>>> print(open('query16.txt').read())   # compact mmCIF, C-alpha atoms and all ligand atoms
# COMPACT_ATOMS: atom_id res chain seq x y z
CA MET A 1 6.60 -65.57 -38.78
CA ILE A 2 8.85 -62.89 -40.35
CA LEU A 3 8.42 -63.01 -44.13
CA ALA A 4 10.36 -61.14 -46.80
CA ALA A 5 8.43 -58.49 -48.73
CA THR A 6 7.93 -60.57 -51.86
CA GLU A 7 4.87 -60.30 -54.09
CA GLU A 8 3.63 -63.65 -52.83
CA ASN A 9 3.98 -62.63 -49.18
CA ILE A 10 2.29 -59.28 -49.82
CA SER A 11 -0.70 -61.27 -51.15
CA LYS A 12 -0.61 -63.42 -48.03
CA ALA A 13 -0.56 -60.29 -45.87
CA ALA A 14 -3.52 -58.84 -47.74
CA ALA A 15 -5.45 -62.08 -47.29
CA VAL A 16 -4.79 -62.00 -43.54
CA ILE A 17 -6.04 -58.39 -43.37
CA ARG A 18 -9.17 -59.26 -45.36
CA ALA A 19 -9.84 -62.19 -43.02
CA GLY A 20 -9.75 -59.87 -39.99
CA GLY A 21 -6.20 -60.73 -38.86
CA LEU A 22 -3.22 -58.60 -37.87
CA VAL A 23 -0.15 -57.94 -40.02
CA ALA A 24 2.92 -55.96 -39.01
CA PHE A 25 4.41 -54.18 -41.99
CA PRO A 26 7.01 -51.50 -42.71
CA THR A 27 6.19 -47.89 -43.44
CA GLU A 28 8.78 -45.17 -44.00
CA THR A 29 8.29 -43.96 -40.39
CA VAL A 30 8.04 -47.05 -38.16
CA TYR A 31 6.54 -50.54 -38.49
CA GLY A 32 2.75 -50.54 -38.18
CA LEU A 33 0.39 -53.19 -36.81
CA GLY A 34 -2.36 -53.28 -39.41
CA ALA A 35 -5.97 -54.43 -39.45
CA ASN A 36 -9.01 -53.79 -41.65
CA ALA A 37 -10.22 -50.32 -40.61
CA LEU A 38 -13.79 -51.18 -41.61
CA SER A 39 -14.02 -54.08 -39.15
CA ASP A 40 -14.70 -53.47 -35.45
CA SER A 41 -13.51 -56.92 -34.46
CA ALA A 42 -10.26 -56.71 -36.45
CA VAL A 43 -9.49 -53.30 -34.95
CA ARG A 44 -10.41 -54.52 -31.46
CA SER A 45 -7.65 -57.11 -31.68
CA ILE A 46 -5.05 -54.38 -32.31
CA TYR A 47 -5.91 -52.85 -28.93
CA ALA A 48 -5.88 -56.26 -27.26
CA VAL A 49 -2.49 -57.29 -28.66
CA LYS A 50 -0.82 -53.97 -27.84
CA GLU A 51 -2.65 -53.65 -24.49
CA ARG A 52 -3.45 -50.14 -25.66
CA PRO A 53 -6.22 -48.15 -23.93
CA ARG A 54 -9.32 -47.94 -26.14
CA THR A 55 -9.37 -44.17 -25.60
CA ASN A 56 -6.33 -43.73 -27.87
CA PRO A 57 -7.42 -43.61 -31.55
CA LEU A 58 -5.52 -45.18 -34.47
CA ILE A 59 -4.24 -43.81 -37.76
CA VAL A 60 -6.00 -45.11 -40.89
CA HIS A 61 -3.72 -45.76 -43.88
CA ILE A 62 -4.81 -45.43 -47.49
CA SER A 63 -2.83 -45.95 -50.68
CA GLU A 64 -3.62 -42.70 -52.46
CA PHE A 65 -4.75 -39.19 -51.82
CA SER A 66 -7.85 -39.66 -53.99
CA ALA A 67 -9.15 -42.34 -51.58
CA LEU A 68 -9.33 -39.79 -48.76
CA SER A 69 -13.07 -39.27 -49.17
CA THR A 70 -13.69 -42.98 -48.47
CA VAL A 71 -12.27 -42.45 -44.97
CA ALA A 72 -12.93 -38.82 -44.09
CA LEU A 73 -15.35 -35.99 -44.89
CA VAL A 74 -13.50 -33.52 -47.08
CA ASP A 75 -16.27 -31.34 -48.55
CA ASN A 76 -15.63 -28.25 -46.49
CA PRO A 77 -14.02 -25.62 -48.78
CA THR A 78 -11.37 -24.58 -46.22
CA THR A 79 -10.44 -28.23 -45.64
CA LYS A 80 -10.22 -28.77 -49.38
CA GLN A 81 -7.83 -25.85 -49.72
CA GLN A 82 -5.71 -27.04 -46.83
CA LEU A 83 -5.55 -30.58 -48.20
CA ASP A 84 -4.53 -29.23 -51.55
CA ALA A 85 -1.66 -27.36 -49.92
CA LEU A 86 -0.65 -30.50 -48.02
CA LYS A 87 -0.69 -32.77 -51.06
CA GLN A 88 3.03 -32.27 -51.56
CA PHE A 89 3.72 -34.17 -48.31
CA TRP A 90 1.82 -37.30 -49.42
CA PRO A 91 2.75 -40.07 -49.70
CA GLY A 92 4.79 -39.29 -46.61
CA PRO A 93 5.13 -38.98 -42.83
CA LEU A 94 2.12 -36.72 -42.26
CA SER A 95 -1.21 -37.79 -40.71
CA VAL A 96 -4.16 -35.41 -40.83
CA VAL A 97 -7.15 -35.44 -38.49
CA LEU A 98 -10.45 -34.90 -40.31
CA PRO A 99 -14.17 -35.56 -39.69
CA LYS A 100 -14.70 -39.32 -40.00
CA GLN A 101 -16.72 -41.27 -42.57
CA PRO A 102 -19.25 -43.47 -40.75
CA GLY A 103 -17.90 -46.66 -42.41
CA ILE A 104 -14.62 -46.44 -40.49
CA SER A 105 -14.71 -48.50 -37.31
CA ALA A 106 -15.69 -46.42 -34.28
CA ILE A 107 -13.23 -48.55 -32.31
CA ALA A 108 -10.39 -47.30 -34.57
CA SER A 109 -11.30 -43.70 -33.83
CA ALA A 110 -11.89 -44.36 -30.12
CA GLY A 111 -15.48 -43.21 -30.51
CA LEU A 112 -14.48 -39.76 -31.80
CA ASP A 113 -16.18 -38.24 -34.83
CA THR A 114 -12.73 -37.56 -36.31
CA VAL A 115 -10.15 -39.84 -37.88
CA ALA A 116 -6.38 -39.54 -38.48
CA VAL A 117 -5.42 -40.54 -42.04
CA ARG A 118 -2.19 -40.89 -43.95
CA VAL A 119 -0.71 -42.25 -47.18
CA PRO A 120 2.57 -43.93 -46.23
CA ALA A 121 5.58 -43.53 -48.54
CA HIS A 122 6.69 -47.15 -48.56
CA PRO A 123 6.15 -49.51 -51.49
CA CYS A 124 5.42 -52.39 -49.16
CA SER A 125 2.68 -50.67 -47.14
CA LEU A 126 1.14 -49.28 -50.33
CA ALA A 127 1.14 -52.75 -51.92
CA ILE A 128 -0.55 -54.31 -48.87
CA ILE A 129 -3.24 -51.61 -48.73
CA ARG A 130 -3.93 -51.97 -52.46
CA ALA A 131 -3.99 -55.76 -52.40
CA SER A 132 -6.27 -55.90 -49.35
CA GLY A 133 -8.69 -53.41 -50.92
CA VAL A 134 -9.56 -51.79 -47.58
CA PRO A 135 -8.19 -48.88 -45.53
CA ILE A 136 -5.80 -50.21 -42.88
CA ALA A 137 -5.84 -48.99 -39.27
CA ALA A 138 -2.30 -49.24 -37.92
CA PRO A 139 -0.63 -47.98 -34.77
CA SER A 140 3.09 -48.52 -34.30
CA ALA A 141 3.73 -52.27 -33.92
CA ASN A 142 4.96 -52.23 -30.32
CA ALA A 143 3.43 -53.02 -26.95
CA PHE A 144 1.71 -49.96 -25.45
CA ALA A 145 4.10 -47.24 -24.24
CA ALA A 146 7.20 -49.11 -25.47
CA ILE A 147 9.66 -47.85 -28.10
CA SER A 148 8.30 -47.97 -31.65
CA PRO A 149 9.83 -50.60 -33.96
CA THR A 150 12.01 -49.58 -36.89
CA THR A 151 12.94 -53.13 -37.94
CA ALA A 152 11.00 -56.40 -38.32
CA GLN A 153 13.10 -57.86 -35.51
CA HIS A 154 11.95 -55.10 -33.12
CA VAL A 155 8.35 -56.12 -33.89
CA ALA A 156 9.13 -59.79 -33.32
CA ASP A 157 10.81 -58.99 -29.97
CA SER A 158 7.78 -57.02 -28.76
CA LEU A 159 4.71 -58.74 -30.26
CA GLY A 160 6.05 -61.73 -32.20
CA ASP A 161 3.96 -64.48 -30.63
CA LYS A 162 0.72 -62.47 -30.67
CA ILE A 163 0.28 -61.54 -34.33
CA ASP A 164 -0.34 -63.42 -37.57
CA LEU A 165 2.44 -62.13 -39.75
CA ILE A 166 5.39 -59.73 -39.93
CA ILE A 167 6.48 -58.48 -43.33
CA ASP A 168 10.15 -57.48 -43.39
CA GLY A 169 10.92 -54.49 -45.58
CA GLY A 170 14.22 -53.59 -43.94
CA PRO A 171 14.88 -50.69 -41.54
CA CYS A 172 12.57 -47.65 -41.71
CA ARG A 173 13.93 -44.61 -43.53
CA VAL A 174 12.45 -41.88 -41.29
CA GLY A 175 12.61 -43.70 -37.95
CA LEU A 176 10.10 -41.53 -36.03
CA GLU A 177 6.28 -41.74 -36.12
CA SER A 178 4.43 -39.42 -38.51
CA THR A 179 3.59 -35.81 -37.80
CA VAL A 180 -0.06 -35.59 -36.65
CA LEU A 181 -1.89 -32.44 -37.76
CA SER A 182 -5.50 -31.66 -36.89
CA LEU A 183 -7.49 -29.91 -39.60
CA VAL A 184 -10.64 -29.89 -37.47
CA ASP A 185 -9.05 -27.15 -35.36
CA SER A 186 -8.73 -23.59 -36.56
CA PRO A 187 -5.92 -22.70 -36.99
CA PRO A 188 -4.67 -26.22 -37.80
CA ARG A 189 -3.10 -27.81 -34.74
CA LEU A 190 0.11 -29.82 -34.63
CA LEU A 191 -0.68 -32.75 -32.30
CA ARG A 192 2.57 -34.68 -32.70
CA PRO A 193 5.82 -33.36 -34.24
CA GLY A 194 7.49 -35.53 -36.88
CA ALA A 195 9.57 -35.47 -40.03
CA VAL A 196 7.16 -33.06 -41.71
CA THR A 197 8.05 -30.11 -39.50
CA LYS A 198 5.96 -27.32 -38.02
CA GLU A 199 8.06 -24.88 -40.08
CA GLN A 200 7.14 -26.73 -43.31
CA LEU A 201 3.44 -26.86 -42.35
CA SER A 202 3.29 -23.15 -41.47
CA GLN A 203 4.87 -22.34 -44.80
CA VAL A 204 1.94 -23.85 -46.73
CA LEU A 205 -0.92 -23.34 -44.23
CA GLY A 206 -0.09 -20.11 -42.46
CA GLU A 207 -0.58 -20.17 -38.69
CA VAL A 208 -0.31 -23.63 -37.06
CA SER A 209 -0.85 -24.05 -33.31
CA SER A 210 0.48 -26.80 -31.04
CA GLY A 211 -1.38 -29.27 -28.89
CA HIS A 212 -1.23 -32.88 -27.90
CA VAL A 213 -2.65 -36.03 -29.41
CA HIS A 214 -6.05 -37.25 -28.34
CA GLY A 215 -6.12 -39.96 -25.71
CA GLU A 216 -3.04 -39.07 -23.73
CA ALA A 217 -4.51 -36.61 -21.23
CA GLU A 218 -7.60 -38.78 -20.76
CA THR A 219 -5.59 -41.94 -20.39
CA SER A 220 -3.21 -40.48 -17.85
CA GLN A 221 -6.26 -39.54 -15.80
CA LEU A 222 -7.65 -43.05 -16.09
CA SER A 223 -4.38 -44.69 -15.20
CA PRO A 224 -2.14 -42.14 -13.50
CA GLY A 225 1.52 -42.62 -14.17
CA LEU A 226 1.01 -44.91 -17.11
CA LEU A 227 1.81 -42.33 -19.71
CA LYS A 228 4.51 -40.43 -17.91
CA ARG A 229 6.91 -42.57 -19.86
CA HIS A 230 5.86 -43.19 -23.43
CA TYR A 231 8.27 -44.62 -26.02
CA ALA A 232 10.25 -45.81 -23.01
CA PRO A 233 12.93 -48.49 -22.73
CA ARG A 234 12.93 -50.81 -19.71
CA THR A 235 16.38 -49.63 -18.65
CA PRO A 236 16.34 -46.30 -16.73
CA LEU A 237 16.89 -43.47 -19.22
CA ARG A 238 17.99 -39.97 -18.23
CA PHE A 239 19.15 -36.81 -19.91
CA ARG A 240 22.91 -36.59 -19.59
CA ALA A 241 22.82 -32.89 -18.67
CA ASN A 242 20.71 -33.67 -15.58
CA PHE A 243 22.94 -36.42 -14.29
CA ASP A 244 25.92 -36.30 -11.97
CA GLU A 245 28.62 -38.11 -13.93
CA SER A 246 31.02 -38.47 -11.01
CA ASN A 247 28.92 -41.37 -9.79
CA LEU A 248 27.95 -43.47 -12.82
CA PRO A 249 26.87 -47.09 -12.42
CA GLU A 250 29.43 -49.46 -13.93
CA ARG A 251 27.22 -50.43 -16.85
CA THR A 252 26.13 -47.04 -18.15
CA GLY A 253 25.32 -46.54 -21.82
CA LEU A 254 25.38 -43.21 -23.63
CA ILE A 255 23.53 -42.00 -26.70
CA SER A 256 25.44 -38.95 -27.79
CA PHE A 257 24.81 -36.34 -30.48
CA GLY A 258 28.33 -35.99 -31.87
CA GLU A 259 31.48 -37.56 -30.42
CA PRO A 260 31.27 -37.40 -26.57
CA ASP A 261 34.00 -35.73 -24.50
CA ASN A 262 34.72 -38.56 -22.05
CA ARG A 263 33.85 -41.74 -23.94
CA THR A 264 35.86 -43.93 -21.54
CA ALA A 265 33.48 -43.17 -18.65
CA PHE A 266 30.80 -45.24 -20.42
CA TYR A 267 30.36 -48.96 -20.89
CA ARG A 268 28.67 -48.54 -24.29
CA VAL A 269 28.47 -45.44 -26.48
CA LEU A 270 26.28 -44.91 -29.55
CA VAL A 271 26.91 -41.72 -31.51
CA LEU A 272 24.19 -40.00 -33.54
CA PRO A 273 25.25 -37.23 -35.93
CA GLU A 274 24.53 -33.77 -34.47
CA ASP A 275 24.90 -32.12 -37.89
CA ASP A 276 22.38 -34.40 -39.64
CA LEU A 277 19.29 -34.73 -37.46
CA SER A 278 17.36 -36.70 -40.13
CA GLU A 279 20.04 -39.36 -39.91
CA ALA A 280 19.93 -39.12 -36.11
CA ALA A 281 16.12 -39.58 -36.18
CA ARG A 282 16.50 -42.62 -38.45
CA ASN A 283 18.77 -44.31 -35.91
CA LEU A 284 17.33 -43.06 -32.61
CA PHE A 285 14.87 -45.89 -31.84
CA GLN A 286 17.40 -48.49 -33.05
CA ALA A 287 19.89 -47.00 -30.57
CA LEU A 288 17.33 -47.13 -27.74
CA HIS A 289 16.36 -50.73 -28.63
CA GLU A 290 20.01 -51.76 -28.84
CA LEU A 291 21.06 -50.28 -25.50
CA ASP A 292 17.88 -51.54 -23.86
CA HIS A 293 18.97 -55.07 -24.80
CA ALA A 294 22.55 -54.58 -23.60
CA ASN A 295 21.81 -55.36 -19.97
CA LEU A 296 22.79 -51.89 -18.73
CA ASP A 297 22.04 -50.24 -15.37
CA LEU A 298 21.46 -46.83 -16.89
CA ILE A 299 21.26 -45.10 -20.28
CA LEU A 300 22.13 -41.42 -20.60
CA VAL A 301 21.11 -39.44 -23.65
CA ASP A 302 22.05 -35.99 -24.94
CA ARG A 303 19.54 -33.34 -25.92
CA CYS A 304 19.64 -32.05 -29.47
CA GLU A 305 18.78 -28.82 -31.26
CA GLU A 306 14.95 -28.43 -31.20
CA SER A 307 14.39 -27.01 -34.66
CA GLY A 308 13.15 -28.92 -37.71
CA ILE A 309 13.05 -32.67 -37.07
CA GLY A 310 15.00 -31.99 -33.86
CA ALA A 311 11.64 -30.97 -32.32
CA ALA A 312 10.31 -34.49 -33.01
CA ILE A 313 13.46 -36.12 -31.62
CA MET A 314 13.20 -34.10 -28.40
CA ASP A 315 9.45 -34.81 -28.14
CA ARG A 316 10.15 -38.57 -28.14
CA LEU A 317 13.12 -38.24 -25.77
CA ASN A 318 11.13 -36.12 -23.33
CA ARG A 319 8.52 -38.88 -23.17
CA ALA A 320 11.10 -41.65 -22.96
CA VAL A 321 13.21 -40.35 -20.07
CA ASP A 322 12.42 -41.20 -16.51
CA ASN A 323 10.57 -38.05 -15.50
CA ASP A 324 10.29 -38.90 -11.83
CA VAL A 325 13.95 -38.22 -11.32
CA ASP A 326 14.51 -35.80 -14.13
CA GLN A 327 12.27 -32.89 -13.29
O1 LIG A 401 4.10 -43.05 -38.40
C1 LIG A 401 3.04 -43.37 -37.88
O2 LIG A 401 2.11 -42.56 -37.69
C2 LIG A 401 2.87 -44.84 -37.47
C3 LIG A 401 2.85 -45.67 -38.74
C4 LIG A 401 2.53 -47.11 -38.47
O3 LIG A 401 1.98 -45.12 -39.68
N1 LIG A 401 1.70 -45.01 -36.69
C5 LIG A 401 1.60 -44.51 -35.42
O4 LIG A 401 0.41 -44.80 -34.81
O5 LIG A 401 2.49 -43.91 -34.88
P1 LIG A 401 0.17 -44.63 -33.24
O6 LIG A 401 -1.14 -45.25 -32.98
O7 LIG A 401 1.32 -45.17 -32.49
O8 LIG A 401 0.01 -43.09 -33.05
C6 LIG A 401 -1.16 -42.44 -33.52
C7 LIG A 401 -1.30 -41.11 -32.85
C8 LIG A 401 -1.76 -41.28 -31.42
O9 LIG A 401 -0.99 -40.45 -30.60
C9 LIG A 401 -3.21 -40.85 -31.47
O10 LIG A 401 -3.61 -40.27 -30.25
C10 LIG A 401 -3.24 -39.85 -32.61
O11 LIG A 401 -2.30 -40.35 -33.54
N2 LIG A 401 -4.57 -39.83 -33.22
C11 LIG A 401 -5.14 -40.80 -33.96
N3 LIG A 401 -6.41 -40.45 -34.32
C12 LIG A 401 -6.64 -39.23 -33.80
C13 LIG A 401 -7.75 -38.34 -33.80
N4 LIG A 401 -8.89 -38.64 -34.42
N5 LIG A 401 -7.62 -37.17 -33.16
C14 LIG A 401 -6.47 -36.84 -32.53
N6 LIG A 401 -5.38 -37.65 -32.46
C15 LIG A 401 -5.46 -38.83 -33.09
MG MG A 402 2.74 -45.73 -31.05
>>> encode(input="query16.txt", output="structure tokens")
Amino acid sequence: MILAATEENISKAAAVIRAGGLVAFPTETVYGLGANALSDSAVRSIYAVKERPRTNPLIVHISEFSALSTVALVDNPTTKQQLDALKQFWPGPLSVVLPKQPGISAIASAGLDTVAVRVPAHPCSLAIIRASGVPIAAPSANAFAAISPTTAQHVADSLGDKIDLIIDGGPCRVGLESTVLSLVDSPPRLLRPGAVTKEQLSQVLGEVSSGHVHGEAETSQLSPGLLKRHYAPRTPLRFRANFDESNLPERTGLISFGEPDNRTAFYRVLVLPEDDLSEAARNLFQALHELDHANLDLILVDRCEESGIGAAIMDRLNRAVDNDVDQ
């Protein structure tokens, strides 16, 4: 089920994709669940396996910048200029939303006339895309609204019995999902913060506004409450600052930025570096997965500085905490 990222297994993965199957594979951000983006039926099975609402579009992965025009319409002069300025971030953790080419499955784009595209910076994903010869639609390889996987084992724990193949390329280097930037809005709109930061984008594009990714508002209307907690563990998760520590359950875990003051009050403590937020981002989902499997009654987590990649960390934490009790 989990196969090492050898040349032979990459060929196997590509064959599965070409045959309309599903392959989980590593990217530099998180593990993706890939299918042929040109095939409605292949893409449909991604939604089925993840139990993801069909209103939430997928990111299409290509192996090089020059293949962009096979997926999206890039003739507009302003778009061309913007893409040129963004080239430096590709391959990398940046997805851009552009007008869609008709060949891309309408299921992948949730019926929108736009598509999110990226070139991942991971040799394994690039090799699979090249060998399969098609663009690959891939959401994070986790069940809907659960924590994204940053190791092959996380994928196996969440979806293992439902997919054809998992390629193991080791732990993901970035650890948070890609930045999503819409170029169909003017000024460009940051839909999801990530490792390519708003500060970096503004530097090359000028003004960048903020928004939210397509599908979330609609979906929360369709199924109220469902999306209050996204990226959520099963164990209750709360911000430490909002919690009365005089009355902690016996099995309370803590994810702390920097060494915590009263370590002994907690059953398990995982420390993320507060002075290196890229390293913290790399280990954040692993920490959430680990504590979620430690049979705890409660997990507390610190907030971190919201600049640079800290904005992406806080975005994921804000969605992961139990908002009912935290507001
Ligand atoms: O790092 C990543 O982006 C990972 C790896 C596998 O590449 N993929 C990922 O996919 O995080 P997913 O499906 O979990 O998140 C895709 C996000 C969703 O929030 C979706 O709403 C947004 O991108 N999105 C996709 N297409 C869009 C579109 N046409 N317009 C606006 N938002 C879009
Ligand atoms: Mg996801």
>>> residues_around(input="query16.txt", residues="A:Val174", least_positions_apart="5", cutoff="12 Å", atoms="all atoms listed in the file", output="ChimeraX atom specification")
/A:26-31,92-94,120-122,149-151,179,194-196,277-286,309,312-313
>>> residues_near_ligand(input="query16.txt", ligand="ligand MG 402 (chain A)", cutoff="12 Å", atoms="all atoms listed in the file", output="PyMOL selection string")
chain A and resi 29-33+46-47+50-53+56-59+138-150+176-178+180+192+213+215-216+227+230-232+316+319
>>> residues_around(input="query16.txt", residues="A:Thr114", least_positions_apart="3", cutoff="6 Å", atoms="only C-alpha atoms", output="JSON, numbers by chain")
{"A": [98, 99, 100]}
>>> residues_near_point(input="query16.txt", point="(-6.2, -49.4, -38.2)", cutoff="10 Å", atoms="only C-alpha atoms", output="ChimeraX atom specification")
/A:22,32-40,42-44,46-47,57-61,104-105,107-109,116-117,135-139
>>> closest_residue(input="query16.txt", among="A:Ser11, A:Thr70, A:Ser182, A:Ser45", to="ligand LIG 401 (chain A)", atoms="all atoms listed in the file")
A:Ser182
>>> axis_aligned_box(input="query16.txt", around="stretch 55-70 of chain A", padding_each_side="8 Å", output="JSON")
{"center_x": -8.3, "center_y": -42.6, "center_z": -39.8, "size_x": 26.9, "size_y": 22.8, "size_z": 44.4}
>>> atom_distance(input="query16.txt", atom1="atom N3 of ligand LIG 401 (chain A)", atom2="atom CA of A:Val97")
6.6 Å
>>> residues_around(input="query16.txt", residues="A:Ile166", least_positions_apart="2", cutoff="9 Å", atoms="all atoms listed in the file", output="JSON, numbers by chain")
{"A": [1, 2, 3, 4, 13, 22, 23, 24, 25, 26, 33, 152, 155, 156, 160, 163, 164, 168]}
>>> atom_distance(input="query16.txt", atom1="atom CA of A:Glu245", atom2="atom CA of A:Ala265")
8.5 Å
>>> atom_distance(input="query16.txt", atom1="atom CA of A:Gln200", atom2="atom N3 of ligand LIG 401 (chain A)")
21.3 Å
>>> closest_residue(input="query16.txt", among="A:Leu317, A:Ile17, A:Leu291, A:Val119", to="ligand LIG 401 (chain A)", atoms="all atoms listed in the file")
A:Val119
>>> residues_near_point(input="query16.txt", point="(27.4, -33.0, -32.2)", cutoff="10 Å", atoms="only C-alpha atoms", output="PyMOL selection string")
chain A and resi 256-260+271-277+302+304-305
>>> residues_around(input="query16.txt", residues="A:Ser307", least_positions_apart="4", cutoff="9 Å", atoms="only C-alpha atoms", output="number ranges by chain")
A: 197, 199, 311-312
>>> closest_residue(input="query16.txt", among="A:Gly21, A:Gly103, A:Gly253, A:Gly211", to="ligand LIG 401 (chain A)", atoms="only C-alpha atoms and all ligand atoms")
A:Gly211
>>> closest_residue(input="query16.txt", among="A:Leu191, A:Val16, A:Ile129, A:Ile62", to="ligand LIG 401 (chain A)", atoms="all atoms listed in the file")
A:Leu191
>>> closest_residue(input="query16.txt", among="A:Thr55, A:Ser158, A:Thr78, A:Ser132", to="ligand LIG 401 (chain A)", atoms="only C-alpha atoms and all ligand atoms")
A:Thr55
>>> closest_residue(input="query16.txt", among="A:Pro236, A:Gly111, A:Gly169, A:Pro123", to="ligand LIG 401 (chain A)", atoms="all atoms listed in the file")
A:Gly111
>>> residues_around(input="query16.txt", residues="A:Arg268", least_positions_apart="5", cutoff="10 Å", atoms="all atoms listed in the file", output="ChimeraX atom specification")
/A:251-255,263,291,294,296,299
>>> build_atoms(input="query16.txt", residues="stretch 62-68 of chain A", atoms="all heavy atoms", output="PDB file, in the frame of the given file")
ATOM      1  N   ILE A  62      -4.250 -45.196 -46.155  1.00  0.00           N
ATOM      2  CA  ILE A  62      -4.810 -45.430 -47.490  1.00  0.00           C
ATOM      3  C   ILE A  62      -3.670 -45.361 -48.502  1.00  0.00           C
ATOM      4  O   ILE A  62      -2.582 -44.888 -48.179  1.00  0.00           O
ATOM      5  CB  ILE A  62      -5.916 -44.399 -47.827  1.00  0.00           C
ATOM      6  CG1 ILE A  62      -5.394 -42.963 -47.631  1.00  0.00           C
ATOM      7  CG2 ILE A  62      -7.149 -44.648 -46.961  1.00  0.00           C
ATOM      8  CD1 ILE A  62      -6.402 -41.878 -48.018  1.00  0.00           C
ATOM      9  N   SER A  63      -3.942 -45.832 -49.725  1.00  0.00           N
ATOM     10  CA  SER A  63      -2.830 -45.950 -50.680  1.00  0.00           C
ATOM     11  C   SER A  63      -2.731 -44.755 -51.617  1.00  0.00           C
ATOM     12  O   SER A  63      -1.737 -44.592 -52.308  1.00  0.00           O
ATOM     13  CB  SER A  63      -2.957 -47.229 -51.496  1.00  0.00           C
ATOM     14  OG  SER A  63      -4.152 -47.209 -52.227  1.00  0.00           O
ATOM     15  N   GLU A  64      -3.770 -43.925 -51.656  1.00  0.00           N
ATOM     16  CA  GLU A  64      -3.620 -42.700 -52.460  1.00  0.00           C
ATOM     17  C   GLU A  64      -4.535 -41.587 -51.974  1.00  0.00           C
ATOM     18  O   GLU A  64      -5.589 -41.833 -51.377  1.00  0.00           O
ATOM     19  CB  GLU A  64      -3.828 -42.957 -53.946  1.00  0.00           C
ATOM     20  CG  GLU A  64      -5.122 -43.633 -54.289  1.00  0.00           C
ATOM     21  CD  GLU A  64      -4.879 -44.654 -55.389  1.00  0.00           C
ATOM     22  OE1 GLU A  64      -4.135 -44.313 -56.322  1.00  0.00           O
ATOM     23  OE2 GLU A  64      -5.422 -45.757 -55.309  1.00  0.00           O
ATOM     24  N   PHE A  65      -4.066 -40.404 -52.235  1.00  0.00           N
ATOM     25  CA  PHE A  65      -4.750 -39.190 -51.820  1.00  0.00           C
ATOM     26  C   PHE A  65      -6.216 -39.203 -52.250  1.00  0.00           C
ATOM     27  O   PHE A  65      -7.102 -38.800 -51.504  1.00  0.00           O
ATOM     28  CB  PHE A  65      -4.010 -38.004 -52.467  1.00  0.00           C
ATOM     29  CG  PHE A  65      -4.344 -36.693 -51.859  1.00  0.00           C
ATOM     30  CD1 PHE A  65      -3.732 -36.296 -50.671  1.00  0.00           C
ATOM     31  CD2 PHE A  65      -5.253 -35.849 -52.465  1.00  0.00           C
ATOM     32  CE1 PHE A  65      -4.037 -35.080 -50.106  1.00  0.00           C
ATOM     33  CE2 PHE A  65      -5.570 -34.625 -51.892  1.00  0.00           C
ATOM     34  CZ  PHE A  65      -4.949 -34.242 -50.713  1.00  0.00           C
ATOM     35  N   SER A  66      -6.479 -39.715 -53.470  1.00  0.00           N
ATOM     36  CA  SER A  66      -7.850 -39.660 -53.990  1.00  0.00           C
ATOM     37  C   SER A  66      -8.811 -40.563 -53.211  1.00  0.00           C
ATOM     38  O   SER A  66     -10.026 -40.427 -53.339  1.00  0.00           O
ATOM     39  CB  SER A  66      -7.850 -40.062 -55.470  1.00  0.00           C
ATOM     40  OG  SER A  66      -7.329 -41.362 -55.590  1.00  0.00           O
ATOM     41  N   ALA A  67      -8.279 -41.470 -52.379  1.00  0.00           N
ATOM     42  CA  ALA A  67      -9.150 -42.340 -51.580  1.00  0.00           C
ATOM     43  C   ALA A  67      -9.553 -41.689 -50.257  1.00  0.00           C
ATOM     44  O   ALA A  67     -10.304 -42.267 -49.468  1.00  0.00           O
ATOM     45  CB  ALA A  67      -8.438 -43.670 -51.305  1.00  0.00           C
ATOM     46  N   LEU A  68      -9.079 -40.471 -50.037  1.00  0.00           N
ATOM     47  CA  LEU A  68      -9.330 -39.790 -48.760  1.00  0.00           C
ATOM     48  C   LEU A  68     -10.815 -39.715 -48.417  1.00  0.00           C
ATOM     49  O   LEU A  68     -11.217 -39.919 -47.273  1.00  0.00           O
ATOM     50  CB  LEU A  68      -8.735 -38.382 -48.850  1.00  0.00           C
ATOM     51  CG  LEU A  68      -8.548 -37.633 -47.555  1.00  0.00           C
ATOM     52  CD1 LEU A  68      -7.682 -38.428 -46.600  1.00  0.00           C
ATOM     53  CD2 LEU A  68      -7.903 -36.283 -47.841  1.00  0.00           C
TER      54      LEU A  68
END
